Amino acid sequence: MDFIEALKHFSTEFPVLIKVGKYILWMALIFILITILRRLLKKKLHNVDLRYKSQKGIEVFGYIMMLIVTVFFFSGSIKDFGLAIGLLTAGITITLQELILSIAGSFFIVLSKVYKPGDRIEMNGIKGDVIDVDSIYTTMMEIGEWVKSDNYSGRIVKISNAFVFRGPVYNYSQNFPFVWDEITIPIRYQSDIELAKTIVIETATTYLSEYANQAKEE
């Protein structure tokens with residue numbers, strides 16, 4: 001009983017600390033729940049694309065839950081919920097414009113299928129293969145720059161999702177499994193053009209046949 005009385009006395013004397021403690025506890029519970037759900041989806045879903053989208057959906061759901069809990073804890077009462085939401089939205093809009101635009105861009109990318117992990121794109125003057133699309137950034141393996149042809153430069157680039165609203169996004173592999181490229185073959189004026197064409201066609205046919213056989217084996 002002494003412990004209960006002491007706890008009641010502490011809660012009466014320090015209500016702010018109790019409120020903050022409850023808030024931290026709720027945040028921790030939401031974080032643990034989201035982590036468990038993500039791991040469960042990772043084990044149960046074998047489709048890579050579906051698993052990726054499900055985990056991103058759970059992540060967004062966690063952000064929404066944290067926002068709702070924060071508003072309820074610090075708005076004073078449920079009656080002030082609408083006012084608190086309005087003030088919070090106004091403050092966030094002014095101070096976090098770039099962040100909000102990035103989050104909106106992530107929804108736009110997923111819903112409109114602008115690109116997905118595995119696609120080769122060019123955005124904001126940077127070209128590369130998409131590795132990940134999170135709620136704020138698009139992560140790419142950069143190609144080109146100081147490296148000749150379409151080879152990887154060795155750099156990982158993170159681009160804000162907000163750039164999907166600020167300019168064109170070029171997708172090199174959407175709705176097509178191959179990436180167009182060009183090979184320049186120098187031929188002298190005195191060369192036999194027909195022989196050169198025959199050699200190039202035979203080489204390409206042999207390579208494509210080997211590639212098709214490897215694909216069948218896999």
# chains A, B, ... in the order shown; residues from 1 in each chain; ligands from 1
call {"tool": "closest_atom_pairs", "arguments": {"of": "region 89-145 of chain A", "to": "region 178-197 of chain A", "cutoff": "12 Å", "atoms": "only C-alpha atoms", "output": "JSON lines"}}
result
{"residue": "A:Gly118", "atom": "CA", "partner": "A:Phe178", "partner_atom": "CA", "distance": 11.6}
{"residue": "A:Asp119", "atom": "CA", "partner": "A:Val179", "partner_atom": "CA", "distance": 9.6}
{"residue": "A:Arg120", "atom": "CA", "partner": "A:Val179", "partner_atom": "CA", "distance": 8.0}
{"residue": "A:Ile121", "atom": "CA", "partner": "A:Val179", "partner_atom": "CA", "distance": 10.5}
{"residue": "A:Gly128", "atom": "CA", "partner": "A:Val179", "partner_atom": "CA", "distance": 11.8}
{"residue": "A:Asp129", "atom": "CA", "partner": "A:Val179", "partner_atom": "CA", "distance": 11.0}
call {"tool": "select_by_dssp", "arguments": {"residues": "region 17-170 of chain A", "states": "strand (DSSP E or B)", "output": "PyMOL selection string"}}
result
chain A and resi 120-123+126-133+137-143+152-160+169-170
call {"tool": "select_by_dssp", "arguments": {"residues": "region 28-177 of chain A", "states": "alpha helix (DSSP H)", "output": "MDAnalysis selection string"}}
result
chainID A and resid 28:44 48:74 81:95 97:112
call {"tool": "closest_residue", "arguments": {"among": "A:Tyr152, A:Tyr115, A:Tyr207, A:Phe61", "to": "Val133 (chain A)", "atoms": "only C-alpha atoms"}}
result
A:Tyr115
call {"tool": "closest_residue", "arguments": {"among": "A:Lys127, A:Lys43, A:Lys53, A:Lys19", "to": "Gly144 (chain A)", "atoms": "only C-alpha atoms"}}
result
A:Lys127
call {"tool": "closest_residue", "arguments": {"among": "A:Pro117, A:Gly21, A:Gly125, A:Gly105", "to": "Tyr52 (chain A)", "atoms": "only C-alpha atoms"}}
result
A:Pro117
call {"tool": "residues_around", "arguments": {"residues": "Asp134 (chain A)", "least_positions_apart": "4", "cutoff": "12 Å", "atoms": "only C-alpha atoms", "output": "PyMOL selection string"}}
result
chain A and resi 52-53+55-60+102-110+116-117+130+138-140+158-161
call {"tool": "residues_around", "arguments": {"residues": "Arg51 (chain A)", "least_positions_apart": "6", "cutoff": "8 Å", "atoms": "only C-alpha atoms", "output": "PDB file with C-alpha atoms, in the first residue's frame"}}
result
ATOM      1  CA  LEU A  41       5.699 -10.034 -43.236  1.00  0.00           C
ATOM      2  CA  LYS A  42       9.327 -10.691 -44.178  1.00  0.00           C
ATOM      3  CA  LEU A  45       5.535 -13.165 -47.848  1.00  0.00           C
TER       4      LEU A  45
END
call {"tool": "closest_residue", "arguments": {"among": "A:Ser54, A:Asn124, A:Gln97, A:Thr205", "to": "Pro168 (chain A)", "atoms": "only C-alpha atoms"}}
result
A:Asn124
